[in-house]
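Undergrad: This is the structure I have questions about; it appears just below.
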Amino acid sequence: MNNSNRPLRVILGTGGTIAGRAARAGDNVGYVAGQVRVEDLLAGVPALQGCPLEVEQVYQVDSKDMHFGLWKRLLLRISHHLARDEVAGVVVTHGTDTLEETAFFIQSVLRPSKPVVFTCAMRPATALVPDGPQNLLDAFTVAGHPEVSGCVVVCAGEMHAAEHVSKVHSYRVNAFDSGDAGALACIEEGEVRWFHGPIQRTLPSNPEHLLARVLEADALPNVQVVTSHADADGSVVHALMRAGELDPVLRPRGIVVAATGNGTVHRALEQALSDAMAQGVRVVRSTRCARGRVIPDLAQSMPDSAGLSPVKARLAIALSLLAS
Ligand code: SIN
């Protein structure tokens, strides 16, 4: 196939370890994230030379510092490129630490029909054996695949849905997992091998409304995550509520509790959360377990997170408050 028949893909750089640089070659941990420009990352992927692609550096951050303003900037660049007829898909290079949140945010707000492929690395670009170049090549493949749509994450030869994926390891190169849902597919030598078939997503009734609300907002509604654990005493919730009495901007509008097991909460924390609910705070139970979900139970006053992890449930509540 010559290049004019091959789909154009846009690669957006945002930083992360994939763009990290260490002082000593081979140092996999003592590096600074977000140093190497996205066009320079391509030098490590000879197979991409001559391929129809464009690159753009949107920003350079360590994704632990991600915030709403940066998400909006990325959202605008992704939607700009997706609207171009000649663009088949977009790749986003991103830090691993909050990648699942960014992918879920973009999926929830944009609901793209073309592929938006988030990729990353666990080792910096200066590592003896960096994992970024293969991940970037795989992501490029996925972004031009006719059966892929919406936001997915590509890492260590696997493709995951934005809704299900979480970072589950602090160091290994295969750091991502989709829990009970499993990976969607693997990428083998430039071929996508589906495990379950392409993901089917239901569209919200009015996606433009949420997009408009996000674009006009300066911040997401304040939704916090608290964890239930042995000796939990509810003091974090009390402190949040007190802070909100002193300054209305700090008043939590929602709280996600990362509950034990199937959504159980220490009784002291549960009392504090019930009191917050009585004052109009939206409270949702997710689980701190790495796998499984909180089983829906209509008898419970605190609803479950519909299978979303605590950090994604936080976003889901914030976006629904924004849209309401
Ligand atoms: C980051 O999330 O930006 C740094 C860590 C990583 O990419 O693995």
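Going through the structure tokens in order, the chains are called A, B, and so on, while each chain numbers its residues from 1 and the ligands are numbered from 1 in the order shown.
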Which residues come within 9 Å of Gln107 (chain A), counting only C-alpha atoms, excluding same-chain residues fewer than 4 positions away, as a VMD selection string?
TA: chain A and resid 102 to 103 111 to 112 116 150 to 152 162 to 163
Undergrad: Any chance you can output those residues with N, CA and C atoms as a PDB file, in the first residue's frame?
TA:
ATOM      1  N   THR A 102      -7.552  10.348  32.319  1.00  0.00           N
ATOM      2  CA  THR A 102      -7.647  11.179  31.114  1.00  0.00           C
ATOM      3  C   THR A 102      -8.426  10.446  30.022  1.00  0.00           C
ATOM      4  N   ALA A 103      -8.128   9.182  29.827  1.00  0.00           N
ATOM      5  CA  ALA A 103      -8.825   8.420  28.772  1.00  0.00           C
ATOM      6  C   ALA A 103     -10.323   8.351  29.072  1.00  0.00           C
ATOM      7  N   ARG A 111     -17.077  11.200  23.387  1.00  0.00           N
ATOM      8  CA  ARG A 111     -17.715  10.014  22.753  1.00  0.00           C
ATOM      9  C   ARG A 111     -17.268   9.879  21.298  1.00  0.00           C
ATOM     10  N   PRO A 112     -15.976   9.854  21.041  1.00  0.00           N
ATOM     11  CA  PRO A 112     -15.518   9.870  19.644  1.00  0.00           C
ATOM     12  C   PRO A 112     -15.874   8.587  18.907  1.00  0.00           C
ATOM     13  N   VAL A 116      -9.236   7.051  19.455  1.00  0.00           N
ATOM     14  CA  VAL A 116      -8.344   7.934  20.215  1.00  0.00           C
ATOM     15  C   VAL A 116      -7.541   6.992  21.115  1.00  0.00           C
ATOM     16  N   GLY A 150     -13.504   5.160  19.561  1.00  0.00           N
ATOM     17  CA  GLY A 150     -13.498   5.677  20.922  1.00  0.00           C
ATOM     18  C   GLY A 150     -12.136   5.572  21.580  1.00  0.00           C
ATOM     19  N   CYS A 151     -12.130   5.839  22.892  1.00  0.00           N
ATOM     20  CA  CYS A 151     -10.861   5.921  23.623  1.00  0.00           C
ATOM     21  C   CYS A 151     -10.423   4.558  24.130  1.00  0.00           C
ATOM     22  N   VAL A 152      -9.211   4.196  23.758  1.00  0.00           N
ATOM     23  CA  VAL A 152      -8.608   2.950  24.237  1.00  0.00           C
ATOM     24  C   VAL A 152      -7.199   3.267  24.725  1.00  0.00           C
ATOM     25  N   ALA A 162     -11.167   2.409  27.741  1.00  0.00           N
ATOM     26  CA  ALA A 162     -10.968   3.482  28.728  1.00  0.00           C
ATOM     27  C   ALA A 162     -11.797   3.248  29.995  1.00  0.00           C
ATOM     28  N   GLU A 163     -12.965   2.667  29.847  1.00  0.00           N
ATOM     29  CA  GLU A 163     -13.868   2.482  30.985  1.00  0.00           C
ATOM     30  C   GLU A 163     -13.334   1.456  31.993  1.00  0.00           C
TER      31      GLU A 163
END
Undergrad: Would you mind listing, for every residue of chain A within 8 Å of ligand 1, the two atoms forming the shortest contact and the distance between them in Å to one decimal, using only C-alpha atoms and all ligand atoms, sorted by chain and ascending residue number, as a Markdown table?
TA:
| residue | atom | partner | partner_atom_place_in_ligand_line | distance |
| --- | --- | --- | --- | --- |
| A:Gly15 | CA | ligand 1 | 3 (O) | 6.1 |
| A:Gly16 | CA | ligand 1 | 3 (O) | 3.2 |
| A:Thr17 | CA | ligand 1 | 7 (O) | 3.7 |
| A:Ile18 | CA | ligand 1 | 7 (O) | 6.1 |
| A:Gly20 | CA | ligand 1 | 7 (O) | 7.9 |
| A:Ala33 | CA | ligand 1 | 4 (C) | 5.5 |
| A:Gly34 | CA | ligand 1 | 3 (O) | 6.7 |
| A:Val61 | CA | ligand 1 | 3 (O) | 6.2 |
| A:Asp62 | CA | ligand 1 | 3 (O) | 3.4 |
| A:Ser63 | CA | ligand 1 | 3 (O) | 3.6 |
| A:Lys64 | CA | ligand 1 | 2 (O) | 5.4 |
| A:Asp65 | CA | ligand 1 | 3 (O) | 8.0 |
| A:His94 | CA | ligand 1 | 3 (O) | 6.5 |
| A:Gly95 | CA | ligand 1 | 7 (O) | 3.2 |
| A:Thr96 | CA | ligand 1 | 7 (O) | 3.9 |
| A:Asp97 | CA | ligand 1 | 2 (O) | 3.7 |
| A:Thr98 | CA | ligand 1 | 2 (O) | 6.0 |
| A:Leu99 | CA | ligand 1 | 2 (O) | 7.1 |
| A:Cys120 | CA | ligand 1 | 7 (O) | 6.2 |
| A:Ala121 | CA | ligand 1 | 8 (O) | 5.9 |
| A:Met122 | CA | ligand 1 | 8 (O) | 4.6 |
| A:Arg123 | CA | ligand 1 | 8 (O) | 7.0 |
Undergrad: I need the residues of region 278-317 of chain A that end up classed as strand (DSSP E) by DSSP on the backbone, written out as a list in words.
TA: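 For region 278-317 of chain A, the strand (DSSP E) set is Arg282, Val283, Val284, Arg285, Ser286 and Thr287 of chain A.
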Undergrad: Would you save the residues of that selection, restricted to N, CA, C and O atoms, as a PDB file, in the first residue's frame?
TA:
ATOM      1  N   ARG A 282     -23.621  14.222  47.123  1.00  0.00           N
ATOM      2  CA  ARG A 282     -23.881  12.961  46.428  1.00  0.00           C
ATOM      3  C   ARG A 282     -22.792  11.954  46.826  1.00  0.00           C
ATOM      4  O   ARG A 282     -21.608  12.224  46.645  1.00  0.00           O
ATOM      5  N   VAL A 283     -23.188  10.830  47.403  1.00  0.00           N
ATOM      6  CA  VAL A 283     -22.207   9.834  47.870  1.00  0.00           C
ATOM      7  C   VAL A 283     -22.380   8.549  47.077  1.00  0.00           C
ATOM      8  O   VAL A 283     -23.507   8.074  46.877  1.00  0.00           O
ATOM      9  N   VAL A 284     -21.280   7.996  46.599  1.00  0.00           N
ATOM     10  CA  VAL A 284     -21.303   6.770  45.794  1.00  0.00           C
ATOM     11  C   VAL A 284     -20.278   5.800  46.361  1.00  0.00           C
ATOM     12  O   VAL A 284     -19.189   6.204  46.755  1.00  0.00           O
ATOM     13  N   ARG A 285     -20.656   4.514  46.373  1.00  0.00           N
ATOM     14  CA  ARG A 285     -19.727   3.480  46.864  1.00  0.00           C
ATOM     15  C   ARG A 285     -19.045   2.782  45.692  1.00  0.00           C
ATOM     16  O   ARG A 285     -19.693   2.185  44.843  1.00  0.00           O
ATOM     17  N   SER A 286     -17.707   2.874  45.673  1.00  0.00           N
ATOM     18  CA  SER A 286     -16.909   2.039  44.779  1.00  0.00           C
ATOM     19  C   SER A 286     -16.171   1.054  45.694  1.00  0.00           C
ATOM     20  O   SER A 286     -16.418   1.025  46.896  1.00  0.00           O
ATOM     21  N   THR A 287     -15.308   0.236  45.127  1.00  0.00           N
ATOM     22  CA  THR A 287     -14.574  -0.694  45.988  1.00  0.00           C
ATOM     23  C   THR A 287     -13.082  -0.456  45.889  1.00  0.00           C
ATOM     24  O   THR A 287     -12.571  -0.084  44.826  1.00  0.00           O
TER      25      THR A 287
END
Undergrad: Which residue out of A:Leu74, A:Gln49, A:Val165, A:Ala125 has the minimum interatomic distance to Leu137 (chain A) when only C-alpha atoms are used?
TA: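 Closest candidate: A:Gln49.
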Undergrad: Pick the closest to Trp194 (chain A) from A:Ala219, A:Leu211, A:Met159, A:Ala276: which is it, counting only C-alpha atoms?
TA: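 Closest candidate: A:Met159.
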Undergrad: Identify, on the basis of only C-alpha atoms, every residue whose closest approach to Ser320 (chain A) does not exceed 10 Å; exclude the query and any residue fewer than 4 positions from it along the same chain; express the result as a list in words.
TA: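 Neighbouring residues, sequence-local ones excluded: Leu210, Pro221, Leu315, Ala316 and Ser324 of chain A.
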Undergrad: So, with only C-alpha atoms as the atoms that count, which of A:Val87, A:Val58, A:Val36, A:Leu321 lies closest to Ala217 (chain A)?
TA: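 Between A:Val87, A:Val58, A:Val36, A:Leu321, the residue approaching Ala217 (chain A) most closely is A:Leu321.
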Undergrad: From the set A:Asp27, A:Glu101, A:Glu86, A:Asp180, which residue has the shortest atom-to-atom contact distance to Arg291 (chain A), counting only C-alpha atoms?
TA: A:Asp180
Undergrad: I'd like the contact shell of Val192 (chain A) - 10 Å cut-off, only C-alpha atoms, skipping same-chain residues fewer than 4 positions apart - returned as a list in words.
TA: Asp138, Thr141, Val142, His145, Glu147, Val148, Gly157, Glu158, Met159, Leu184, Ala185, Cys186, Ile187 and Glu188 of chain A
Undergrad: Counting only C-alpha atoms, which of A:Glu56, A:Glu216, A:Glu208, A:Asp85 gets nearest to Thr14 (chain A)?
TA: A:Glu56
Undergrad: I want to know what sits within 8 Å of Val281 (chain A), based on only C-alpha atoms, with residues of the same chain fewer than 3 positions away left out; could you give that as a list in words?
TA: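 Once the adjacent positions are removed, what remains is Pro252, Arg253, Gly254, Ile255, Ala276, Met277 and Ala278 of chain A.
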Undergrad: Would you list the contacts of region 173-176 of chain A as a ChimeraX atom specification, taking every protein, DNA or RNA residue within 6 Å and counting only C-alpha atoms, but skipping same-chain residues closer than 4 positions in sequence?
TA: /A:122,156,166-169
Undergrad: Between A:Gly13, A:Pro7, A:Pro207, A:Gly89, which has the minimum distance to Ala143 (chain A) (counting only C-alpha atoms)?
TA: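 For Ala143 (chain A), the nearest of the given residues is A:Gly89.
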Undergrad: Tell me which protein, DNA and RNA residues are within 6 Å of Val92 (chain A), counting only C-alpha atoms, leaving out same-chain ones fewer than 6 positions away, and put them as number ranges by chain.
TA: A: 11-13, 118
Undergrad: For CA of Gly307 (chain A) and CA of Thr202 (chain A), quote the distance in Å rounded to one decimal.
TA: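 Spanning CA of Gly307 (chain A) to CA of Thr202 (chain A) is a straight-line distance of 15.7 Å.
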Undergrad: Quote the spacing between CA of Arg77 (chain A) and CA of Cys51 (chain A) in Å to one decimal place.
TA: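 Distance reported for this atom pair: 21.1 Å.
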Undergrad: Please run DSSP on the backbone and report, as JSON, numbers by chain, all residues within region 129-299 of chain A that come out as alpha helix (DSSP H).
TA: {"A": [132, 133, 134, 135, 136, 137, 138, 139, 140, 141, 142, 143, 207, 208, 209, 210, 211, 212, 213, 214, 215, 216, 235, 236, 237, 238, 239, 240, 241, 242, 243, 244, 245, 246, 267, 268, 269, 270, 271, 272, 273, 274, 275, 276, 277, 278]}
